[in-house]
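What follows is the content of start23.txt, which has compact mmCIF, C-alpha atoms and all ligand atoms:
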```txt
# COMPACT_ATOMS: atom_id res chain seq x y z
CA MET A 35 93.28 111.24 116.80
CA LYS A 36 91.69 110.64 120.15
CA GLU A 37 93.46 108.53 122.66
CA ASP A 38 90.48 106.26 123.25
CA GLN A 39 90.48 105.37 119.56
CA LEU A 40 94.11 104.41 119.73
CA LEU A 41 93.58 102.32 122.81
CA THR A 42 90.72 100.57 121.08
CA ARG A 43 92.97 99.86 118.12
CA ARG A 44 95.63 98.49 120.41
CA ARG A 45 93.18 96.11 122.03
CA VAL A 46 92.19 94.87 118.59
CA LEU A 47 95.84 94.37 117.72
CA ILE A 48 96.61 92.49 120.88
CA ALA A 49 93.66 90.20 120.26
CA GLY A 50 94.86 89.57 116.70
CA ALA A 51 98.44 88.96 117.72
CA ALA A 52 97.28 86.52 120.35
CA VAL A 53 95.56 84.49 117.68
CA LEU A 54 98.62 84.36 115.44
CA GLY A 55 101.02 83.72 118.24
CA ALA A 56 98.91 81.27 120.19
CA ALA A 57 101.79 78.83 120.39
CA GLY A 58 104.21 81.48 121.57
CA ALA A 59 106.21 81.33 124.73
CA ALA A 60 104.14 83.08 127.34
CA GLY A 61 105.94 85.62 129.40
CA THR A 62 108.97 86.06 127.22
CA ALA A 63 107.17 87.07 124.05
CA ARG A 64 106.47 90.68 123.30
CA LEU A 65 103.66 91.93 121.15
CA LEU A 66 105.35 93.84 118.41
CA THR A 67 101.97 94.96 117.15
CA ALA A 68 101.07 96.43 120.49
CA GLU A 69 104.34 98.30 120.65
CA SER A 70 103.89 99.78 117.22
CA ALA A 71 100.32 100.80 117.78
CA ALA A 72 101.14 102.27 121.13
CA LYS A 73 103.58 104.80 119.73
CA PRO A 74 101.27 107.81 119.68
CA VAL A 75 100.33 107.29 123.33
CA ARG A 76 103.58 105.77 124.46
CA SER A 77 104.02 108.09 127.41
CA ALA A 78 100.69 106.99 128.85
CA SER A 79 100.92 103.40 127.73
CA PRO A 80 101.31 100.45 130.05
CA VAL A 81 103.06 98.66 127.17
CA SER A 82 106.14 100.82 127.33
CA GLY A 83 106.10 100.89 131.11
CA ALA A 84 107.38 103.44 133.53
CA GLY A 85 110.89 102.05 133.36
CA ALA A 86 111.23 102.02 129.60
CA GLN A 87 114.21 103.88 128.27
CA PRO A 88 113.66 106.46 125.56
CA HIS A 89 114.43 104.72 122.30
CA ARG A 90 117.35 106.95 121.42
CA ALA A 91 119.07 105.91 124.60
CA LEU A 92 119.47 102.41 123.17
CA LYS A 93 121.88 103.56 120.51
CA PRO A 94 124.49 102.86 119.31
CA SER A 95 124.03 99.20 120.16
CA ALA A 96 120.42 98.92 119.10
CA HIS A 97 121.07 95.74 117.13
CA ARG A 98 122.53 93.95 120.11
CA LEU A 99 121.09 92.56 123.29
CA GLN A 100 120.39 95.27 125.80
CA PRO A 101 121.28 94.73 129.43
CA MET A 102 118.38 94.39 131.80
CA THR A 103 117.87 97.39 133.99
CA GLY A 104 115.48 96.06 136.61
CA TYR A 105 112.23 96.70 134.80
CA GLY A 106 111.77 93.47 132.89
CA PRO A 107 113.00 92.34 129.50
CA PRO A 108 114.59 94.68 126.96
CA ARG A 109 111.92 96.88 125.48
CA ASN A 110 112.12 95.98 121.85
CA ARG A 111 114.85 93.48 121.01
CA PRO A 112 114.84 89.71 121.23
CA ALA A 113 117.65 88.13 123.14
CA ARG A 114 118.55 86.02 120.15
CA THR A 115 117.31 85.37 116.66
CA VAL A 116 117.73 81.78 115.56
CA VAL A 117 119.34 81.25 112.14
CA ARG A 118 116.75 79.62 109.91
CA HIS A 119 117.41 77.49 106.85
CA LYS A 120 114.32 78.64 105.00
CA PRO A 121 112.04 81.66 105.28
CA ILE A 122 108.70 81.72 107.04
CA LEU A 123 105.97 81.31 104.42
CA ARG A 124 102.81 81.65 106.45
CA MET A 125 101.55 82.40 109.91
CA THR A 126 100.54 79.65 112.22
CA GLY A 127 97.82 79.92 114.79
CA ARG A 128 94.10 79.67 115.16
CA GLY A 129 91.50 81.83 113.55
CA SER A 130 91.08 83.29 110.09
CA SER A 131 94.01 85.67 110.21
CA MET A 132 95.81 86.93 107.16
CA VAL A 133 98.77 89.24 106.58
CA LEU A 134 99.06 91.81 103.79
CA THR A 135 102.58 92.80 102.74
CA PHE A 136 103.72 95.57 100.39
CA ASP A 137 107.26 95.53 99.00
CA ASP A 138 109.84 97.75 97.32
CA GLY A 139 108.54 101.12 98.55
CA PRO A 140 107.78 103.51 99.87
CA ASP A 141 106.70 105.38 96.75
CA PRO A 142 104.96 108.73 97.31
CA ARG A 143 102.77 108.04 94.26
CA TYR A 144 101.16 104.90 95.71
CA THR A 145 102.06 104.30 99.35
CA PRO A 146 99.94 107.16 100.75
CA ASP A 147 96.83 105.73 99.04
CA ILE A 148 97.54 102.29 100.47
CA LEU A 149 98.03 103.78 103.92
CA ALA A 150 94.74 105.69 103.58
CA THR A 151 92.84 102.52 102.64
CA LEU A 152 94.33 100.55 105.52
CA ARG A 153 93.48 103.41 107.86
CA ALA A 154 89.90 103.56 106.60
CA TYR A 155 89.41 99.92 107.59
CA ASP A 156 91.55 100.16 110.73
CA VAL A 157 93.86 97.42 109.47
CA ARG A 158 97.58 96.85 110.04
CA ALA A 159 99.95 95.58 107.33
CA MET A 160 103.65 95.03 106.67
CA PHE A 161 105.83 97.16 104.42
CA PHE A 162 109.15 95.67 103.30
CA VAL A 163 110.93 98.84 102.32
CA CYS A 164 114.11 99.45 100.35
CA GLY A 165 116.54 101.87 101.95
CA GLY A 166 117.09 103.61 98.63
CA MET A 167 113.37 104.40 98.42
CA ALA A 168 112.86 105.14 102.09
CA VAL A 169 115.74 107.59 102.40
CA ASP A 170 113.76 110.22 100.49
CA ASN A 171 110.42 109.29 102.06
CA LYS A 172 111.12 109.07 105.76
CA ASP A 173 107.81 110.79 106.49
CA LEU A 174 105.99 107.76 105.08
CA LEU A 175 107.89 105.47 107.46
CA SER A 176 106.90 107.58 110.44
CA GLU A 177 103.32 107.51 109.15
CA MET A 178 103.54 103.71 109.09
CA ALA A 179 104.78 103.76 112.67
CA ASP A 180 101.94 106.07 113.73
CA ASP A 181 99.39 103.73 112.15
CA GLY A 182 100.85 100.61 113.77
CA HIS A 183 102.16 98.98 110.60
CA ILE A 184 105.30 96.88 110.61
CA VAL A 185 108.24 98.02 108.53
CA GLY A 186 110.60 95.28 107.40
CA ASN A 187 113.99 95.33 105.66
CA HIS A 188 114.01 94.65 101.90
CA THR A 189 117.68 95.72 101.40
CA TRP A 190 118.91 99.07 100.13
CA THR A 191 119.07 98.59 96.33
CA HIS A 192 116.96 95.44 95.81
CA PRO A 193 119.80 93.27 94.47
CA LEU A 194 119.86 89.54 93.95
CA LEU A 195 121.56 88.80 97.25
CA THR A 196 122.67 85.35 96.15
CA GLN A 197 125.10 87.02 93.75
CA LEU A 198 126.70 89.24 96.38
CA SER A 199 129.54 88.66 98.81
CA ARG A 200 128.84 88.40 102.52
CA SER A 201 130.11 91.91 103.13
CA GLU A 202 127.95 93.28 100.33
CA ILE A 203 124.89 91.51 101.74
CA ARG A 204 125.67 92.85 105.18
CA TYR A 205 126.05 96.38 103.82
CA GLU A 206 122.71 96.18 102.00
CA MET A 207 120.89 94.96 105.08
CA GLU A 208 122.65 96.85 107.84
CA ARG A 209 122.37 100.21 106.14
CA THR A 210 118.65 99.65 105.67
CA CYS A 211 118.25 98.63 109.33
CA GLU A 212 119.82 101.91 110.38
CA LEU A 213 117.60 103.96 108.12
CA ILE A 214 114.46 102.18 109.37
CA ASP A 215 115.58 102.71 112.95
CA ASP A 216 115.97 106.40 112.22
CA ALA A 217 112.75 106.99 110.25
CA TYR A 218 110.39 104.40 111.74
CA GLY A 219 111.68 104.69 115.28
CA GLU A 220 112.79 101.09 115.80
CA PRO A 221 115.09 98.73 113.94
CA PRO A 222 113.26 96.15 111.85
CA LEU A 223 112.44 92.71 113.24
CA TRP A 224 111.71 91.17 109.83
CA PHE A 225 113.45 91.00 106.48
CA ARG A 226 112.58 89.73 103.04
CA ALA A 227 115.10 88.90 100.33
CA PRO A 228 114.44 90.58 96.98
CA TYR A 229 113.01 88.12 94.42
CA GLY A 230 112.64 85.63 97.27
CA ALA A 231 116.29 84.68 96.65
CA TRP A 232 117.65 83.48 99.99
CA ASN A 233 120.88 81.75 100.85
CA ARG A 234 122.75 80.77 103.98
CA ALA A 235 124.50 84.12 104.25
CA THR A 236 121.22 86.06 104.10
CA PHE A 237 119.74 83.95 106.90
CA GLN A 238 122.87 84.29 109.03
CA ILE A 239 123.29 88.03 108.55
CA GLY A 240 119.58 88.68 108.95
CA ALA A 241 119.53 86.76 112.23
CA LYS A 242 122.61 88.57 113.45
CA LEU A 243 120.82 91.86 112.83
CA GLY A 244 117.88 90.54 114.87
CA MET A 245 115.50 89.91 111.97
CA GLU A 246 113.32 86.96 111.01
CA PRO A 247 113.02 86.04 107.31
CA LEU A 248 109.46 86.33 106.03
CA ALA A 249 108.51 85.22 102.52
CA TRP A 250 104.88 84.86 101.41
CA THR A 251 102.16 82.33 100.75
CA VAL A 252 100.29 83.99 97.87
CA ASP A 253 101.86 86.21 95.21
CA SER A 254 99.37 88.70 93.75
CA LEU A 255 101.72 88.90 90.71
CA ASP A 256 101.11 92.64 90.56
CA TRP A 257 104.78 93.01 89.58
CA LEU A 258 104.39 91.36 86.16
CA THR A 259 105.06 93.34 83.00
CA PRO A 260 102.66 94.39 81.71
CA PRO A 261 100.91 94.57 85.08
CA PRO A 262 97.70 92.58 85.48
CA GLY A 263 94.42 94.43 85.69
CA THR A 264 92.83 95.37 89.00
CA ALA A 265 90.23 92.62 88.72
CA THR A 266 92.93 89.99 88.20
CA ILE A 267 94.84 91.11 91.29
CA VAL A 268 91.61 91.09 93.33
CA GLU A 269 90.82 87.60 92.08
CA ARG A 270 94.27 86.24 92.96
CA VAL A 271 94.11 87.62 96.48
CA GLU A 272 90.55 86.44 97.11
CA ASP A 273 91.20 83.01 95.59
CA GLY A 274 94.32 82.67 97.72
CA ALA A 275 92.65 83.79 100.92
CA ALA A 276 92.91 81.23 103.72
CA PRO A 277 93.85 81.23 107.41
CA GLY A 278 97.53 82.10 107.94
CA VAL A 279 98.12 83.29 104.40
CA VAL A 280 100.69 86.02 103.76
CA ILE A 281 99.90 88.04 100.62
CA LEU A 282 102.67 89.61 98.52
CA SER A 283 102.04 92.83 96.62
CA HIS A 284 104.00 95.97 95.77
CA ASP A 285 103.64 99.67 96.48
CA ALA A 286 106.61 100.62 94.25
CA GLY A 287 108.78 99.40 91.39
CA GLY A 288 106.47 100.44 88.55
CA ASP A 289 102.92 101.64 87.96
CA ARG A 290 101.13 100.33 91.05
CA SER A 291 97.82 102.10 90.52
CA ARG A 292 96.15 98.71 90.02
CA THR A 293 97.57 97.41 93.28
CA VAL A 294 96.13 100.46 95.02
CA ALA A 295 92.72 99.98 93.38
CA ALA A 296 92.73 96.25 94.06
CA LEU A 297 93.31 96.78 97.79
CA ARG A 298 90.25 99.05 97.96
CA ASP A 299 88.26 96.24 96.40
CA TYR A 300 89.48 93.08 98.17
CA LEU A 301 90.09 94.48 101.65
CA PRO A 302 86.40 95.01 102.51
CA HIS A 303 85.60 91.64 100.92
CA LEU A 304 88.15 89.85 103.10
CA LEU A 305 86.86 91.60 106.21
CA ASP A 306 83.26 90.80 105.29
CA SER A 307 84.27 87.16 104.83
CA GLY A 308 85.46 87.10 108.43
CA TYR A 309 89.20 87.39 107.90
CA HIS A 310 91.19 89.19 110.53
CA ILE A 311 93.83 91.20 108.67
CA THR A 312 96.72 91.61 111.03
CA VAL A 313 100.50 91.54 111.44
CA PRO A 314 102.60 88.77 112.92
CA ARG A 315 104.36 89.03 116.21
CA ARG A 316 107.92 88.00 116.83
CA GLN A 317 108.68 85.21 119.24
CA PHE A 318 111.55 86.08 121.49
CA PHE A 319 113.69 83.30 122.83
ZN ZN A 401 111.03 93.30 96.10
```
With the file now loaded, output its structure as structure tokens.
Ligand SMILES: [Zn+2]
Amino acid sequence: MKEDQLLTRRRVLIAGAAVLGAAGAAGTARLLTAESAAKPVRSASPVSGAGAQPHRALKPSAHRLQPMTGYGPPRNRPARTVVRHKPILRMTGRGSSMVLTFDDGPDPRYTPDILATLRAYDVRAMFFVCGGMAVDNKDLLSEMADDGHIVGNHTWTHPLLTQLSRSEIRYEMERTCELIDDAYGEPPLWFRAPYGAWNRATFQIGAKLGMEPLAWTVDSLDWLTPPPGTATIVERVEDGAAPGVVILSHDAGGDRSRTVAALRDYLPHLLDSGYHITVPRRQFF
């Protein structure tokens, strides 16, 4: 891919992130989207800056606050993640922005087709991956990084976290953070509890690992058994479309061919309707 194309994509991303994060704290906030999209041209990118440390140099304390080294704020970690009492359900901001999220993968049978569709429309999305799926599909995580998508933590084995002990929850989440760091190139800044089952421990541990909890606004219900038809998924997404909406769908966990087909159908419709499909940015405090 040509560098000018990537730079164009990054400008688009920055514009989108600015819309979603309009209320953000100027100066201290970092554009996660810009960082992700800048990966392929990082060496020439003003985003990473001349003083940026190579990512590997941040280990083994990548989940903790990095000391400042004279070149501005830490490259990719917030100073602190506030413990929430409920997950984020939608994005705030101006403009007709929406976020597409795909959970439970990656699955080599479906994820590549979803990535190809997103690439065809030059759109960024979020993938909440399970460590147990990602460990055998690290190439798909690096592909997500190359395309500027956000990879979030969806635990290792997709358990009902509310039935686990604190140490079990921590193990599920921490192990997945490490795998994402390894395969995607950065530790995740977002997590999503399987089944949307959150409790105090999940918020506390997630925050300690530097992640914000993101749920969803509209469930495409593509996970139902038997799975709904493509047209039904398209209808749910298009009916649910509104500024700030976060869509939930799945690229693994069963036969997701209808999810793949539905995306090909509704994505151009959403774009034609004026929606800006983008990814959220983290606010760093
Ligand atoms: Zn899930």
Among A:Leu255, A:Ile203, A:Met125, A:Leu297, ligand ZN 401 (chain A) is approached most closely, using all atoms listed in the file, by A:Leu255
Residues up to 8 Å from ligand ZN 401 (chain A), counting only C-alpha atoms and all ligand atoms: could you list those as a tab-separated table (two decimals) with C-alpha atoms, keeping the file's coordinate frame?
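Produced file pocket-v9.tsv, reproduced below:
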```tsv
chain	number	residue	atom	x	y	z
A	137	ASP	CA	107.26	95.53	99.00
A	138	ASP	CA	109.84	97.75	97.32
A	162	PHE	CA	109.15	95.67	103.30
A	188	HIS	CA	114.01	94.65	101.90
A	192	HIS	CA	116.96	95.44	95.81
A	226	ARG	CA	112.58	89.73	103.04
A	227	ALA	CA	115.10	88.90	100.33
A	228	PRO	CA	114.44	90.58	96.98
A	229	TYR	CA	113.01	88.12	94.42
A	230	GLY	CA	112.64	85.63	97.27
A	284	HIS	CA	104.00	95.97	95.77
```
Near range 244-251 of chain A, counting only C-alpha atoms, which residues have an atom at most 10 Å away, once you skip same-chain residues fewer than 5 positions from it, shown as a ChimeraX atom specification? /A:96-99,111-125,133-135,162,186-187,211,221-232,236-239,274-276,278-283,316-317
Kindly give the distance, in Å, that separates CA of Tyr144 in chain A and CA of Val157 in chain A, rounded to a single decimal.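 A separation of 17.3 Å between them.
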May I ask which of the residues A:Ala241, A:Ala168, A:Ala217, A:Ile184 is the closest one to Arg204 in chain A, counting all atoms listed in the file?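 Result for the nearest residue to Arg204 in chain A: A:Ala241.
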Residues within 12 Å of (109.2, 101.6, 101.1), file coordinates, counting all atoms listed in the file: what are they? Give the list as a PyMOL selection string. chain A and resi 135-146+148-149+160-178+184-192+210+213-214+217-218+284-287
How many Å lie between CA of Pro193 in chain A and CA of Thr293 in chain A, rounded to one decimal?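 Computing the Euclidean distance for CA of Pro193 in chain A and CA of Thr293 in chain A yields 22.6 Å.
A straight line drawn from CA of Thr259 in chain A to CA of Val313 in chain A is 28.9 Å long.
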Quick one: 8 Å padding each side, axis-aligned, all listed atoms of range 239-254 of chain A - centre and edge lengths in Å to one decimal, as lines of an AutoDock Vina configuration file?
```
center_x = 111.3
center_y = 87.1
center_z = 104.3
size_x = 39.9
size_y = 25.5
size_z = 37.1
```
If we count only C-alpha atoms, what is near range 304-310 of chain A at a cut-off of 7 Å, once residues fewer than 2 positions away on the same chain are taken out, given as a ChimeraX atom specification? /A:130-132,300-302,312
Save the residues we just selected, C-alpha atoms, as an mmCIF file, in the coordinates of the input?
```
data_model
loop_
_atom_site.group_PDB
_atom_site.id
_atom_site.type_symbol
_atom_site.label_atom_id
_atom_site.label_comp_id
_atom_site.auth_asym_id
_atom_site.auth_seq_id
_atom_site.Cartn_x
_atom_site.Cartn_y
_atom_site.Cartn_z
ATOM 1 C CA SER A 130 91.080 83.290 110.090
ATOM 2 C CA SER A 131 94.010 85.670 110.210
ATOM 3 C CA MET A 132 95.810 86.930 107.160
ATOM 4 C CA TYR A 300 89.480 93.080 98.170
ATOM 5 C CA LEU A 301 90.090 94.480 101.650
ATOM 6 C CA PRO A 302 86.400 95.010 102.510
ATOM 7 C CA THR A 312 96.720 91.610 111.030
#
```
Select, from A:Ser254, A:Thr151, A:Thr196, A:Ser291, the residue with the minimum atom-to-atom distance to Glu272 in chain A, counting only C-alpha atoms.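 Looking at the shortest contact to Glu272 in chain A, the residue is A:Ser254.
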Put range 123-142 of chain A into a file with N, CA and C atoms, as a PDB file, in the first residue's frame.
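This went into selection-v3.pdb:
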```pdb
ATOM      1  N   LEU A 123     -22.059   2.466  26.898  1.00  0.00           N
ATOM      2  CA  LEU A 123     -23.038   1.846  26.000  1.00  0.00           C
ATOM      3  C   LEU A 123     -23.059   2.480  24.618  1.00  0.00           C
ATOM      4  N   ARG A 124     -22.598   3.709  24.545  1.00  0.00           N
ATOM      5  CA  ARG A 124     -22.642   4.418  23.268  1.00  0.00           C
ATOM      6  C   ARG A 124     -21.578   5.492  23.284  1.00  0.00           C
ATOM      7  N   MET A 125     -21.318   6.034  22.120  1.00  0.00           N
ATOM      8  CA  MET A 125     -20.330   7.091  22.002  1.00  0.00           C
ATOM      9  C   MET A 125     -21.027   8.439  22.054  1.00  0.00           C
ATOM     10  N   THR A 126     -20.402   9.356  22.733  1.00  0.00           N
ATOM     11  CA  THR A 126     -20.969  10.690  22.760  1.00  0.00           C
ATOM     12  C   THR A 126     -20.179  11.577  21.796  1.00  0.00           C
ATOM     13  N   GLY A 127     -20.773  12.640  21.381  1.00  0.00           N
ATOM     14  CA  GLY A 127     -20.097  13.536  20.463  1.00  0.00           C
ATOM     15  C   GLY A 127     -21.052  14.015  19.404  1.00  0.00           C
ATOM     16  N   ARG A 128     -20.541  14.850  18.538  1.00  0.00           N
ATOM     17  CA  ARG A 128     -21.380  15.397  17.485  1.00  0.00           C
ATOM     18  C   ARG A 128     -21.211  14.574  16.215  1.00  0.00           C
ATOM     19  N   GLY A 129     -22.127  14.722  15.322  1.00  0.00           N
ATOM     20  CA  GLY A 129     -22.004  14.055  14.042  1.00  0.00           C
ATOM     21  C   GLY A 129     -22.642  12.681  14.050  1.00  0.00           C
ATOM     22  N   SER A 130     -22.837  12.148  12.852  1.00  0.00           N
ATOM     23  CA  SER A 130     -23.492  10.848  12.710  1.00  0.00           C
ATOM     24  C   SER A 130     -22.456   9.733  12.692  1.00  0.00           C
ATOM     25  N   SER A 131     -21.796   9.558  13.822  1.00  0.00           N
ATOM     26  CA  SER A 131     -20.780   8.512  13.913  1.00  0.00           C
ATOM     27  C   SER A 131     -21.363   7.256  14.533  1.00  0.00           C
ATOM     28  N   MET A 132     -20.910   6.141  14.021  1.00  0.00           N
ATOM     29  CA  MET A 132     -21.316   4.848  14.587  1.00  0.00           C
ATOM     30  C   MET A 132     -20.097   3.940  14.689  1.00  0.00           C
ATOM     31  N   VAL A 133     -20.211   2.949  15.589  1.00  0.00           N
ATOM     32  CA  VAL A 133     -19.099   2.023  15.809  1.00  0.00           C
ATOM     33  C   VAL A 133     -19.597   0.595  15.557  1.00  0.00           C
ATOM     34  N   LEU A 134     -18.852  -0.144  14.748  1.00  0.00           N
ATOM     35  CA  LEU A 134     -19.157  -1.557  14.525  1.00  0.00           C
ATOM     36  C   LEU A 134     -18.208  -2.398  15.364  1.00  0.00           C
ATOM     37  N   THR A 135     -18.758  -3.377  16.092  1.00  0.00           N
ATOM     38  CA  THR A 135     -17.905  -4.256  16.894  1.00  0.00           C
ATOM     39  C   THR A 135     -18.195  -5.715  16.550  1.00  0.00           C
ATOM     40  N   PHE A 136     -17.137  -6.507  16.567  1.00  0.00           N
ATOM     41  CA  PHE A 136     -17.232  -7.938  16.241  1.00  0.00           C
ATOM     42  C   PHE A 136     -16.577  -8.722  17.371  1.00  0.00           C
ATOM     43  N   ASP A 137     -17.336  -9.633  17.970  1.00  0.00           N
ATOM     44  CA  ASP A 137     -16.868 -10.341  19.168  1.00  0.00           C
ATOM     45  C   ASP A 137     -16.549 -11.818  18.919  1.00  0.00           C
ATOM     46  N   ASP A 138     -15.811 -12.361  19.875  1.00  0.00           N
ATOM     47  CA  ASP A 138     -15.580 -13.805  20.058  1.00  0.00           C
ATOM     48  C   ASP A 138     -14.501 -14.394  19.147  1.00  0.00           C
ATOM     49  N   GLY A 139     -14.032 -13.650  18.163  1.00  0.00           N
ATOM     50  CA  GLY A 139     -13.045 -14.185  17.233  1.00  0.00           C
ATOM     51  C   GLY A 139     -11.630 -14.009  17.742  1.00  0.00           C
ATOM     52  N   PRO A 140     -10.678 -14.039  16.829  1.00  0.00           N
ATOM     53  CA  PRO A 140     -10.897 -14.179  15.385  1.00  0.00           C
ATOM     54  C   PRO A 140     -11.129 -15.631  14.972  1.00  0.00           C
ATOM     55  N   ASP A 141     -11.880 -15.787  13.882  1.00  0.00           N
ATOM     56  CA  ASP A 141     -12.143 -17.094  13.304  1.00  0.00           C
ATOM     57  C   ASP A 141     -11.710 -17.020  11.837  1.00  0.00           C
ATOM     58  N   PRO A 142     -10.748 -17.872  11.452  1.00  0.00           N
ATOM     59  CA  PRO A 142     -10.229 -17.795  10.072  1.00  0.00           C
ATOM     60  C   PRO A 142     -11.284 -18.058   9.006  1.00  0.00           C
TER      61      PRO A 142
END
```
